[in-house]
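Encoded as structure tokens, the structure appears first; notes follow it.
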Amino acid sequence: QVQLVESGGGSVQAGGSLRLSCAAYGYTYSSTYMGWFRQAPGKEREGVAVLYTSGGSTYYADAVKGRFTISQDDAKNTLYLIMNSLKSEDTAMYYCATTFTRYASNYAPLRPTDFGYWGQGTQVTVSS
């Protein structure tokens, strides 16, 4: 049974940093896509960053490029999101997700509909 457990959210001032973690259980971690998504109140869920666990290809939303870094510790089946230079508009519930679907190498799977398994989320609040 696929289980994704996020941690690391919290409150931080604008310009600060946070590191989110997502521990994966119950399936073969390798050769899957894992991603971070976020949803602010009143807004649709949006893709933030995605990583392919075998090979490490990464994809980022334009809004976070240069500020956020997605990485993994495949020995621990754990995904990370390092968030620097946080802005108030980064405030949202952040979700970890995974999918077993294989996508073409030229496709960036940043849509929520690209993923089928979700964690419960961790709240990030950035105050200005």
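Simple scheme: letters A, B, ... for chains in structure tokens order, numbers from 1 for residues in each chain, numbers from 1 for ligands in the order shown.
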
Residues of region 104-124 of chain A within 9 Å of region 35-39 of chain A: nearest atom pair and distance (Å, one decimal) for each, counting only C-alpha atoms, sorted by chain and number, as a tab-separated table?
```
residue	atom	partner	partner_atom	distance
A:Pro109	CA	A:Gly35	CA	8.7
A:Leu110	CA	A:Gly35	CA	7.8
A:Arg111	CA	A:Phe37	CA	8.7
A:Pro112	CA	A:Phe37	CA	7.4
A:Phe115	CA	A:Gly35	CA	8.4
A:Gly121	CA	A:Arg38	CA	8.6
```

- Using DSSP on the backbone, list every residue of chain A that comes out as strand (DSSP E), and give them as a ChimeraX atom specification. /A:3-7,10-13,18-25,33-39,46-52,58-60,68-73,78-83,92-99,117-118,122-127

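Residue nearest Gly26 (chain A), chosen from A:Val12, A:Ser57, A:Asn84, A:Tyr117 and counting only C-alpha atoms: A:Tyr117.
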
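Atom pair CA of Gly55 (chain A) / CA of Trp118 (chain A): separated by 22.1 Å.
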
- Message: Give me, as a PyMOL selection string, all polymer residues having an atom no more than 12 Å from Thr53 (chain A), counting only C-alpha atoms and skipping those fewer than 5 positions away in the same chain.
- Response: chain A and resi 24+28-35+58+70-75+77-80+98-100+102

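Note that CA of Ala92 (chain A) and CA of Gln123 (chain A) are 6.1 Å apart.
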
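Considering only C-alpha atoms, the residue among A:Asp114, A:Ser128, A:Glu46, A:Gly16 positioned nearest to Tyr94 (chain A) is A:Glu46.
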
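Separating CA of Gly116 (chain A) from CA of Gln3 (chain A) is a distance of 11.7 Å.
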
- Test item: residues at most 9 Å from Thr122 (chain A), only C-alpha atoms, excluding those fewer than 6 positions along its chain, as a ChimeraX atom specification: /A:6-10,20,92-96

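Inside chain A, the residues DSSP reads as helix (DSSP H, G or I) when given the backbone are Ser88, Glu89, Asp90, Pro112, Thr113 and Asp114 of chain A.
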